[in-house]
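Q: So that you have it, the file is protein_16.pdb, and it contains PDB, C-alpha atoms:
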MODEL        1
ATOM      1  CA  MET A   1     110.922  50.666 127.776
ATOM      2  CA  ALA A   2     112.657  53.964 127.122
ATOM      3  CA  GLY A   3     113.254  56.367 129.958
ATOM      4  CA  THR A   4     112.176  60.010 130.237
ATOM      5  CA  LEU A   5     114.088  63.242 129.730
ATOM      6  CA  TYR A   6     113.138  65.811 132.369
ATOM      7  CA  VAL A   7     113.878  69.435 131.448
ATOM      8  CA  VAL A   8     114.438  70.981 134.875
ATOM      9  CA  ALA A   9     114.511  74.724 135.615
ATOM     10  CA  THR A  10     116.973  75.722 138.339
ATOM     11  CA  PRO A  11     117.391  78.996 140.306
ATOM     12  CA  ILE A  12     118.942  82.032 138.592
ATOM     13  CA  GLY A  13     120.458  83.192 141.864
ATOM     14  CA  ASN A  14     118.587  82.525 145.088
ATOM     15  CA  LEU A  15     118.648  78.768 145.708
ATOM     16  CA  GLY A  16     115.380  79.071 147.610
ATOM     17  CA  ASP A  17     113.595  79.573 144.295
ATOM     18  CA  ILE A  18     113.954  75.929 143.241
ATOM     19  CA  THR A  19     110.649  74.063 143.183
ATOM     20  CA  LEU A  20     109.808  71.020 145.270
ATOM     21  CA  ARG A  21     109.094  69.117 142.071
ATOM     22  CA  ALA A  22     112.544  69.993 140.691
ATOM     23  CA  ILE A  23     114.234  68.708 143.853
ATOM     24  CA  GLU A  24     112.234  65.479 143.772
ATOM     25  CA  THR A  25     113.063  64.958 140.082
ATOM     26  CA  LEU A  26     116.789  65.523 140.621
ATOM     27  CA  LYS A  27     116.692  63.004 143.472
ATOM     28  CA  THR A  28     114.982  60.255 141.491
ATOM     29  CA  VAL A  29     116.598  60.355 138.016
ATOM     30  CA  ASP A  30     119.471  58.063 137.063
ATOM     31  CA  ALA A  31     121.730  60.872 135.818
ATOM     32  CA  ILE A  32     121.823  64.640 135.344
ATOM     33  CA  ALA A  33     122.986  66.316 132.138
ATOM     34  CA  ALA A  34     124.463  69.678 133.147
ATOM     35  CA  GLU A  35     125.885  72.714 131.329
ATOM     36  CA  ASP A  36     128.686  73.019 133.921
ATOM     37  CA  THR A  37     129.096  69.948 136.128
ATOM     38  CA  ARG A  38     131.043  71.903 138.764
ATOM     39  CA  HIS A  39     128.285  74.493 139.089
ATOM     40  CA  THR A  40     125.565  71.837 139.256
ATOM     41  CA  SER A  41     127.564  69.878 141.840
ATOM     42  CA  GLY A  42     127.265  72.876 144.153
ATOM     43  CA  LEU A  43     123.497  73.025 143.648
ATOM     44  CA  LEU A  44     123.087  69.299 144.287
ATOM     45  CA  SER A  45     125.319  69.420 147.362
ATOM     46  CA  HIS A  46     123.189  72.215 148.814
ATOM     47  CA  PHE A  47     120.131  69.954 148.661
ATOM     48  CA  GLY A  48     121.943  66.783 149.685
ATOM     49  CA  ILE A  49     121.669  65.114 146.264
ATOM     50  CA  SER A  50     124.358  62.862 144.774
ATOM     51  CA  LYS A  51     124.002  61.845 141.118
ATOM     52  CA  LYS A  52     126.081  60.944 138.082
ATOM     53  CA  LEU A  53     126.719  64.143 136.078
ATOM     54  CA  ILE A  54     127.111  64.366 132.309
ATOM     55  CA  ALA A  55     128.567  67.514 130.711
ATOM     56  CA  VAL A  56     126.265  68.984 128.040
ATOM     57  CA  HIS A  57     127.313  72.445 126.894
ATOM     58  CA  GLU A  58     127.275  74.534 123.713
ATOM     59  CA  HIS A  59     130.491  72.971 122.398
ATOM     60  CA  ASN A  60     129.417  69.319 122.663
ATOM     61  CA  GLU A  61     125.626  69.444 122.578
ATOM     62  CA  HIS A  62     125.169  67.546 119.295
ATOM     63  CA  GLN A  63     127.482  64.689 120.334
ATOM     64  CA  SER A  64     126.026  64.613 123.846
ATOM     65  CA  ALA A  65     122.495  64.401 122.436
ATOM     66  CA  GLU A  66     123.363  61.121 120.720
ATOM     67  CA  LYS A  67     124.863  59.630 123.888
ATOM     68  CA  LEU A  68     121.962  60.768 126.064
ATOM     69  CA  LEU A  69     119.494  59.313 123.595
ATOM     70  CA  LEU A  70     121.166  55.903 123.837
ATOM     71  CA  GLN A  71     120.942  56.038 127.626
ATOM     72  CA  LEU A  72     117.275  57.062 127.492
ATOM     73  CA  GLN A  73     116.481  54.283 125.016
ATOM     74  CA  ALA A  74     118.157  51.868 127.407
ATOM     75  CA  GLY A  75     115.605  52.841 130.050
ATOM     76  CA  GLU A  76     117.427  55.518 132.070
ATOM     77  CA  ASN A  77     115.662  58.649 133.293
ATOM     78  CA  ILE A  78     117.761  61.785 132.846
ATOM     79  CA  ALA A  79     117.359  65.365 134.057
ATOM     80  CA  LEU A  80     118.618  68.191 131.851
ATOM     81  CA  VAL A  81     119.727  71.393 133.623
ATOM     82  CA  THR A  82     121.714  74.542 132.846
ATOM     83  CA  ASP A  83     123.684  76.776 135.169
ATOM     84  CA  ALA A  84     120.644  78.967 135.833
ATOM     85  CA  GLY A  85     117.049  79.151 134.664
ATOM     86  CA  THR A  86     115.334  77.001 132.072
ATOM     87  CA  PRO A  87     117.307  74.871 129.571
ATOM     88  CA  GLY A  88     116.928  75.850 125.929
ATOM     89  CA  ILE A  89     116.133  79.516 126.661
ATOM     90  CA  SER A  90     119.362  81.222 125.490
ATOM     91  CA  ASP A  91     121.146  78.286 127.121
ATOM     92  CA  PRO A  92     122.085  74.788 125.889
ATOM     93  CA  GLY A  93     119.305  72.201 125.858
ATOM     94  CA  ALA A  94     117.191  72.742 122.751
ATOM     95  CA  VAL A  95     119.398  70.481 120.592
ATOM     96  CA  VAL A  96     119.108  67.635 123.104
ATOM     97  CA  VAL A  97     115.344  68.042 123.490
ATOM     98  CA  ASP A  98     114.863  68.140 119.706
ATOM     99  CA  ALA A  99     116.864  64.942 119.179
ATOM    100  CA  VAL A 100     115.066  63.130 121.981
ATOM    101  CA  ARG A 101     111.611  64.169 120.766
ATOM    102  CA  ASN A 102     112.420  63.197 117.180
ATOM    103  CA  ALA A 103     113.359  59.733 118.438
ATOM    104  CA  GLY A 104     109.964  59.378 120.099
ATOM    105  CA  VAL A 105     111.305  59.450 123.654
ATOM    106  CA  LYS A 106     109.194  61.206 126.272
ATOM    107  CA  VAL A 107     110.173  64.731 127.356
ATOM    108  CA  VAL A 108     108.695  66.221 130.541
ATOM    109  CA  PRO A 109     109.196  69.904 131.502
ATOM    110  CA  ILE A 110     109.739  70.733 135.167
ATOM    111  CA  PRO A 111     109.013  74.494 135.148
ATOM    112  CA  GLY A 112     110.527  77.055 137.420
ATOM    113  CA  VAL A 113     112.487  80.280 137.326
ATOM    114  CA  SER A 114     112.908  82.255 134.106
ATOM    115  CA  ALA A 115     114.885  85.511 134.083
ATOM    116  CA  VAL A 116     112.601  86.872 131.342
ATOM    117  CA  ILE A 117     109.393  86.420 133.324
ATOM    118  CA  THR A 118     111.066  87.484 136.569
ATOM    119  CA  ALA A 119     112.142  90.792 135.010
ATOM    120  CA  LEU A 120     108.788  91.420 133.328
ATOM    121  CA  SER A 121     106.859  90.755 136.536
ATOM    122  CA  ALA A 122     108.752  93.465 138.418
ATOM    123  CA  SER A 123     108.966  96.001 135.598
ATOM    124  CA  GLY A 124     105.466  97.447 135.754
ATOM    125  CA  ILE A 125     105.231  97.341 131.959
ATOM    126  CA  VAL A 126     101.564  97.281 130.962
ATOM    127  CA  GLN A 127     101.914  96.941 127.189
ATOM    128  CA  ASN A 128     100.396  93.854 125.642
ATOM    129  CA  GLY A 129     102.826  91.141 124.686
ATOM    130  CA  PHE A 130     106.595  90.908 124.474
ATOM    131  CA  LEU A 131     109.230  89.603 122.079
ATOM    132  CA  PHE A 132     112.131  87.754 123.674
ATOM    133  CA  HIS A 133     115.239  87.948 121.496
ATOM    134  CA  GLY A 134     117.887  86.689 123.916
ATOM    135  CA  PHE A 135     121.483  87.812 123.415
ATOM    136  CA  LEU A 136     122.266  90.345 120.703
ATOM    137  CA  PRO A 137     125.255  89.742 118.381
ATOM    138  CA  ALA A 138     128.672  90.618 119.812
ATOM    139  CA  SER A 139     129.642  92.587 116.714
ATOM    140  CA  GLY A 140     128.475  96.203 116.717
ATOM    141  CA  ALA A 141     127.404  96.195 113.065
ATOM    142  CA  ALA A 142     125.468  92.952 113.417
ATOM    143  CA  ARG A 143     123.904  94.143 116.663
ATOM    144  CA  ARG A 144     122.700  97.394 115.090
ATOM    145  CA  LYS A 145     121.265  95.460 112.135
ATOM    146  CA  VAL A 146     119.193  93.270 114.485
ATOM    147  CA  LEU A 147     118.005  96.288 116.464
ATOM    148  CA  GLU A 148     116.983  98.043 113.246
ATOM    149  CA  ALA A 149     114.898  95.010 112.249
ATOM    150  CA  LEU A 150     113.187  95.030 115.657
ATOM    151  CA  SER A 151     112.735  98.792 115.952
ATOM    152  CA  SER A 152     109.126  98.902 114.726
ATOM    153  CA  GLN A 153     107.847  96.065 116.944
ATOM    154  CA  THR A 154     104.818  97.257 118.911
ATOM    155  CA  VAL A 155     105.472  94.911 121.831
ATOM    156  CA  THR A 156     108.052  95.057 124.624
ATOM    157  CA  LEU A 157     111.503  93.893 123.451
ATOM    158  CA  VAL A 158     113.428  91.653 125.867
ATOM    159  CA  PHE A 159     117.165  91.008 125.639
ATOM    160  CA  TYR A 160     119.844  89.293 127.699
ATOM    161  CA  GLU A 161     123.244  90.981 127.890
ATOM    162  CA  ALA A 162     126.640  90.238 129.403
ATOM    163  CA  PRO A 163     128.463  92.781 131.601
ATOM    164  CA  HIS A 164     131.389  93.321 129.220
ATOM    165  CA  ARG A 165     129.002  94.422 126.427
ATOM    166  CA  ILE A 166     126.345  96.285 128.416
ATOM    167  CA  ILE A 167     127.566  99.830 127.677
ATOM    168  CA  GLU A 168     128.067  99.374 123.934
ATOM    169  CA  SER A 169     124.704  97.601 123.626
ATOM    170  CA  ILE A 170     122.925 100.414 125.467
ATOM    171  CA  VAL A 171     124.576 102.996 123.197
ATOM    172  CA  ASP A 172     123.452 101.111 120.087
ATOM    173  CA  MET A 173     119.916 100.766 121.460
ATOM    174  CA  ALA A 174     119.652 104.498 122.085
ATOM    175  CA  ASN A 175     120.985 105.333 118.617
ATOM    176  CA  VAL A 176     118.855 102.814 116.726
ATOM    177  CA  LEU A 177     115.638 102.679 118.766
ATOM    178  CA  GLY A 178     115.580 106.304 119.888
ATOM    179  CA  SER A 179     116.767 107.994 123.061
ATOM    180  CA  THR A 180     113.246 108.750 124.320
ATOM    181  CA  ARG A 181     112.054 105.135 124.460
ATOM    182  CA  HIS A 182     112.156 103.725 127.967
ATOM    183  CA  ILE A 183     114.310 100.853 129.135
ATOM    184  CA  THR A 184     114.069  98.742 132.268
ATOM    185  CA  ILE A 185     117.475  97.420 133.314
ATOM    186  CA  ALA A 186     117.139  94.302 135.475
ATOM    187  CA  ARG A 187     120.483  93.186 136.920
ATOM    188  CA  GLU A 188     121.481  90.256 139.143
ATOM    189  CA  LEU A 189     117.871  89.141 139.583
ATOM    190  CA  THR A 190     117.129  87.282 142.855
ATOM    191  CA  LYS A 191     120.726  87.832 144.024
ATOM    192  CA  THR A 192     122.107  90.038 146.808
ATOM    193  CA  PHE A 193     122.696  93.092 144.601
ATOM    194  CA  GLU A 194     119.528  92.843 142.507
ATOM    195  CA  THR A 195     118.750  96.105 140.714
ATOM    196  CA  ILE A 196     115.706  97.056 138.626
ATOM    197  CA  HIS A 197     115.983 100.531 137.140
ATOM    198  CA  ARG A 198     113.788 102.281 134.563
ATOM    199  CA  CYS A 199     114.796 105.349 132.555
ATOM    200  CA  ALA A 200     114.886 106.763 129.026
ATOM    201  CA  LEU A 201     117.356 104.999 126.720
ATOM    202  CA  GLY A 202     119.202 108.288 126.333
ATOM    203  CA  GLU A 203     119.866 108.358 130.096
ATOM    204  CA  ALA A 204     120.859 104.712 130.556
ATOM    205  CA  GLN A 205     124.546 105.014 129.633
ATOM    206  CA  ALA A 206     125.157 107.799 132.151
ATOM    207  CA  TRP A 207     123.317 105.849 134.871
ATOM    208  CA  LEU A 208     125.476 102.774 134.274
ATOM    209  CA  GLU A 209     128.730 104.724 134.104
ATOM    210  CA  LYS A 210     127.940 106.653 137.298
ATOM    211  CA  ASP A 211     128.428 103.450 139.326
ATOM    212  CA  ALA A 212     130.738 100.720 137.991
ATOM    213  CA  ASN A 213     128.985  98.187 140.217
ATOM    214  CA  GLN A 214     125.857  98.571 138.066
ATOM    215  CA  GLN A 215     127.845  97.211 135.121
ATOM    216  CA  ARG A 216     128.454  93.855 136.801
ATOM    217  CA  GLY A 217     126.452  90.649 136.684
ATOM    218  CA  GLU A 218     123.890  89.340 134.211
ATOM    219  CA  PHE A 219     121.342  91.666 132.624
ATOM    220  CA  VAL A 220     117.786  91.476 131.313
ATOM    221  CA  LEU A 221     116.911  94.556 129.252
ATOM    222  CA  LEU A 222     113.271  95.461 128.592
ATOM    223  CA  ILE A 223     112.695  98.066 125.876
ATOM    224  CA  GLU A 224     109.455  99.992 125.524
ATOM    225  CA  ALA A 225     107.321  99.005 122.517
ATOM    226  CA  ALA A 226     107.329 101.198 119.436
ATOM    227  CA  ALA A 227     104.315 103.467 119.122
ATOM    228  CA  ILE A 228     101.488 102.081 117.005
ATOM    229  CA  LYS A 229     101.137 104.213 113.903
ATOM    230  CA  GLU A 230      97.679 105.435 113.080
ATOM    231  CA  ALA A 231      96.166 103.920 109.981
ATOM    232  CA  GLU A 232      96.635 105.982 106.850
ATOM    233  CA  ALA A 233      93.420 107.750 105.867
ATOM    234  CA  LEU A 234      91.773 106.953 102.535
ATOM    235  CA  PRO A 235      90.602 109.713 100.189
ATOM    236  CA  GLU A 236      86.812 110.106 100.352
ATOM    237  CA  GLU A 237      86.290 108.948  96.749
ATOM    238  CA  ALA A 238      88.428 105.818  97.269
ATOM    239  CA  LEU A 239      86.426 104.956 100.389
ATOM    240  CA  ARG A 240      83.141 105.399  98.463
ATOM    241  CA  ILE A 241      84.299 103.093  95.656
ATOM    242  CA  LEU A 242      85.585 100.473  98.087
ATOM    243  CA  THR A 243      82.279 100.493  99.982
ATOM    244  CA  LEU A 244      80.281  99.992  96.758
ATOM    245  CA  LEU A 245      82.521  97.135  95.621
ATOM    246  CA  LEU A 246      82.330  95.397  99.010
ATOM    247  CA  ALA A 247      78.547  95.388  98.750
ATOM    248  CA  GLU A 248      78.764  93.220  95.633
ATOM    249  CA  LEU A 249      82.074  91.322  95.764
ATOM    250  CA  PRO A 250      84.210  89.225  98.123
ATOM    251  CA  LEU A 251      86.719  91.237 100.157
ATOM    252  CA  LYS A 252      89.912  90.356  98.245
ATOM    253  CA  GLN A 253      88.318  90.950  94.856
ATOM    254  CA  ALA A 254      86.823  94.255  96.017
ATOM    255  CA  VAL A 255      90.218  95.423  97.296
ATOM    256  CA  LYS A 256      91.958  94.437  94.054
ATOM    257  CA  LEU A 257      89.468  96.328  91.900
ATOM    258  CA  ALA A 258      89.516  99.340  94.239
ATOM    259  CA  THR A 259      93.302  99.420  93.990
ATOM    260  CA  ASP A 260      93.164  99.360  90.169
ATOM    261  CA  ILE A 261      90.478 102.054  90.017
ATOM    262  CA  THR A 262      91.645 104.483  92.703
ATOM    263  CA  LYS A 263      95.428 103.834  92.668
ATOM    264  CA  ALA A 264      95.329 103.978  96.477
ATOM    265  CA  LYS A 265      97.701 101.754  98.475
ATOM    266  CA  LYS A 266      96.517  98.148  98.535
ATOM    267  CA  ASN A 267      97.401  97.574 102.190
ATOM    268  CA  VAL A 268      95.472 100.690 103.248
ATOM    269  CA  LEU A 269      92.450  99.604 101.222
ATOM    270  CA  TYR A 270      92.659  96.114 102.696
ATOM    271  CA  GLU A 271      92.746  97.403 106.292
ATOM    272  CA  GLN A 272      89.799  99.695 105.580
ATOM    273  CA  ALA A 273      87.882  96.829 103.950
ATOM    274  CA  LEU A 274      88.396  94.667 107.052
ATOM    275  CA  ALA A 275      87.144  97.513 109.246
ATOM    276  CA  LEU A 276      84.045  97.962 107.068
ATOM    277  CA  LYS A 277      83.290  94.228 107.132
ATOM    278  CA  GLN A 278      83.612  94.103 110.921
ATOM    279  CA  ALA A 279      81.371  97.136 111.301
ATOM    280  CA  ASN A 280      78.650  95.369 109.314
TER     281      ASN A 280
ENDMDL
END
If you took the structure in this file and wrote it as structure tokens, what would it be?
A:
Amino acid sequence: MAGTLYVVATPIGNLGDITLRAIETLKTVDAIAAEDTRHTSGLLSHFGISKKLIAVHEHNEHQSAEKLLLQLQAGENIALVTDAGTPGISDPGAVVVDAVRNAGVKVVPIPGVSAVITALSASGIVQNGFLFHGFLPASGAARRKVLEALSSQTVTLVFYEAPHRIIESIVDMANVLGSTRHITIARELTKTFETIHRCALGEAQAWLEKDANQQRGEFVLLIEAAAIKEAEALPEEALRILTLLLAELPLKQAVKLATDITKAKKNVLYEQALALKQAN
């Protein structure tokens, strides 16, 4: 029988955050596939675990997936870990998991720390929902293009960023998303110099440059959601015609005819039609 691939979350800083289930899994598997075997060796040593380590990183993930699959099909149980957090979340792992699942081999998640959820939980953001993008492009032009595409999202935007790009990313965010939108900067989460700071995007660059230490470490950036635009109002005559048509026709047909007759925007008519249907 084939073995099982365990996707194991590991601490993002404080080793005390590892779960009991993760420790037990790492103790019992036949091998551990790790993003950086030296880093994982330190984690295993801390908990008194000795296992065969297999290097699986962004440069060899496709080839490693094939080798791991052969081992799993031979009956071995393997744990998949990254340097910090949950594999496959802006870290290597998704390629391996996809290949293993496609081959019909069992995949079991061992949940634990996630920098995204850790940052959100301590941010005090009360808006509904969030969109996790991960790392923005390194190129300024590409980064601004992505930010422009995300600028109208009415949920919290969540990004990862590296220390050597933090200032230029913050500048682009303020220019593209607007200096008055708020940002929560979460740095070095669960580590000794953990910092969680909230301010307007227009103030973030100055805050970072005031203390060079705040530019170090790994960052999670939480950007305030865009304001929800109020629905465009329909002219009174267009609303009257739409209401009459809805009384006799299905919604889509009523909207189409109302658009042809009134020349009002189809999307506005459609939203109003939905509201009228719900009200009745």
Q: Considering only C-alpha atoms, return as JSON, numbers by chain whatever protein or nucleic-acid residues lie within 10 Å of His39 in chain A, sequence-local ones (same chain, fewer than 4 positions apart) excluded.
A: {"A": [34, 35, 43, 44, 82, 83, 84]}
Q: Assuming the chain letters and numbering stay as they are in my file, what does the PyMOL selection byres ((chain A and resi 256) around 10) actually select? List them as a ChimeraX atom specification.
A: /A:242,245,251-255,257-261,266,269-270
Q: Looking at A:Gln205, A:Ser50, A:Lys191, A:Pro92, which one is nearest to Ser179 in chain A, with distances taken over only C-alpha atoms?
A: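 Using only C-alpha atoms, Ser179 in chain A sits closest to A:Gln205.
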Q: Mind giving me the straight-line distance from CA of Ala273 in chain A to CA of Gln127 in chain A in Å, one decimal?
A: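 Separation between CA of Ala273 in chain A and CA of Gln127 in chain A: 27.1 Å.
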Q: What's the 12 Å shell around range 144-155 of chain A, counting only C-alpha atoms, without same-chain residues fewer than 3 positions away, as number ranges by chain?
A: A: 125-141, 158-159, 168-178, 181, 222-229
Q: Kindly export the residues of the current selection with C-alpha atoms, as an mmCIF file, keeping the file's coordinate frame.
A:
data_model
loop_
_atom_site.group_PDB
_atom_site.id
_atom_site.type_symbol
_atom_site.label_atom_id
_atom_site.label_comp_id
_atom_site.auth_asym_id
_atom_site.auth_seq_id
_atom_site.Cartn_x
_atom_site.Cartn_y
_atom_site.Cartn_z
ATOM 1 C CA ILE A 125 105.231 97.341 131.959
ATOM 2 C CA VAL A 126 101.564 97.281 130.962
ATOM 3 C CA GLN A 127 101.914 96.941 127.189
ATOM 4 C CA ASN A 128 100.396 93.854 125.642
ATOM 5 C CA GLY A 129 102.826 91.141 124.686
ATOM 6 C CA PHE A 130 106.595 90.908 124.474
ATOM 7 C CA LEU A 131 109.230 89.603 122.079
ATOM 8 C CA PHE A 132 112.131 87.754 123.674
ATOM 9 C CA HIS A 133 115.239 87.948 121.496
ATOM 10 C CA GLY A 134 117.887 86.689 123.916
ATOM 11 C CA PHE A 135 121.483 87.812 123.415
ATOM 12 C CA LEU A 136 122.266 90.345 120.703
ATOM 13 C CA PRO A 137 125.255 89.742 118.381
ATOM 14 C CA ALA A 138 128.672 90.618 119.812
ATOM 15 C CA SER A 139 129.642 92.587 116.714
ATOM 16 C CA GLY A 140 128.475 96.203 116.717
ATOM 17 C CA ALA A 141 127.404 96.195 113.065
ATOM 18 C CA VAL A 158 113.428 91.653 125.867
ATOM 19 C CA PHE A 159 117.165 91.008 125.639
ATOM 20 C CA GLU A 168 128.067 99.374 123.934
ATOM 21 C CA SER A 169 124.704 97.601 123.626
ATOM 22 C CA ILE A 170 122.925 100.414 125.467
ATOM 23 C CA VAL A 171 124.576 102.996 123.197
ATOM 24 C CA ASP A 172 123.452 101.111 120.087
ATOM 25 C CA MET A 173 119.916 100.766 121.460
ATOM 26 C CA ALA A 174 119.652 104.498 122.085
ATOM 27 C CA ASN A 175 120.985 105.333 118.617
ATOM 28 C CA VAL A 176 118.855 102.814 116.726
ATOM 29 C CA LEU A 177 115.638 102.679 118.766
ATOM 30 C CA GLY A 178 115.580 106.304 119.888
ATOM 31 C CA ARG A 181 112.054 105.135 124.460
ATOM 32 C CA LEU A 222 113.271 95.461 128.592
ATOM 33 C CA ILE A 223 112.695 98.066 125.876
ATOM 34 C CA GLU A 224 109.455 99.992 125.524
ATOM 35 C CA ALA A 225 107.321 99.005 122.517
ATOM 36 C CA ALA A 226 107.329 101.198 119.436
ATOM 37 C CA ALA A 227 104.315 103.467 119.122
ATOM 38 C CA ILE A 228 101.488 102.081 117.005
ATOM 39 C CA LYS A 229 101.137 104.213 113.903
#
Q: Figure out the distance between CA of Asp30 in chain A and CA of Lys52 in chain A, please, to one decimal in Å.
A: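 CA of Asp30 in chain A lies at a distance of 7.3 Å from CA of Lys52 in chain A.
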Q: So what do you get for CA of Leu69 in chain A versus CA of Phe47 in chain A, distance-wise?
A: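 Those two atoms sit 27.2 Å apart.
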Q: I need the output of the PyMOL selection byres ((chain A and resi 194) around 12) for this file as a PDB file with C-alpha atoms, keeping the file's coordinate frame; which residues are they?
A:
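Final file, selection-v9.pdb:
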ATOM      1  CA  ILE A  12     118.942  82.032 138.592  1.00  0.00           C
ATOM      2  CA  GLY A  13     120.458  83.192 141.864  1.00  0.00           C
ATOM      3  CA  ASN A  14     118.587  82.525 145.088  1.00  0.00           C
ATOM      4  CA  THR A 118     111.066  87.484 136.569  1.00  0.00           C
ATOM      5  CA  ALA A 119     112.142  90.792 135.010  1.00  0.00           C
ATOM      6  CA  ALA A 122     108.752  93.465 138.418  1.00  0.00           C
ATOM      7  CA  ILE A 185     117.475  97.420 133.314  1.00  0.00           C
ATOM      8  CA  ALA A 186     117.139  94.302 135.475  1.00  0.00           C
ATOM      9  CA  ARG A 187     120.483  93.186 136.920  1.00  0.00           C
ATOM     10  CA  GLU A 188     121.481  90.256 139.143  1.00  0.00           C
ATOM     11  CA  LEU A 189     117.871  89.141 139.583  1.00  0.00           C
ATOM     12  CA  THR A 190     117.129  87.282 142.855  1.00  0.00           C
ATOM     13  CA  LYS A 191     120.726  87.832 144.024  1.00  0.00           C
ATOM     14  CA  THR A 192     122.107  90.038 146.808  1.00  0.00           C
ATOM     15  CA  PHE A 193     122.696  93.092 144.601  1.00  0.00           C
ATOM     16  CA  THR A 195     118.750  96.105 140.714  1.00  0.00           C
ATOM     17  CA  ILE A 196     115.706  97.056 138.626  1.00  0.00           C
ATOM     18  CA  HIS A 197     115.983 100.531 137.140  1.00  0.00           C
ATOM     19  CA  ASN A 213     128.985  98.187 140.217  1.00  0.00           C
ATOM     20  CA  GLN A 214     125.857  98.571 138.066  1.00  0.00           C
ATOM     21  CA  GLN A 215     127.845  97.211 135.121  1.00  0.00           C
ATOM     22  CA  ARG A 216     128.454  93.855 136.801  1.00  0.00           C
ATOM     23  CA  GLY A 217     126.452  90.649 136.684  1.00  0.00           C
ATOM     24  CA  GLU A 218     123.890  89.340 134.211  1.00  0.00           C
ATOM     25  CA  PHE A 219     121.342  91.666 132.624  1.00  0.00           C
ATOM     26  CA  VAL A 220     117.786  91.476 131.313  1.00  0.00           C
TER      27      VAL A 220
END
Q: List the residues matched by the PyMOL selection byres ((chain A and resi 91) around 12) in the displayed structure as a PyMOL selection string, ordered by chain and then by residue number.
A: chain A and resi 9+34-36+56-59+61+80-90+92-96+114-115+134-135+160
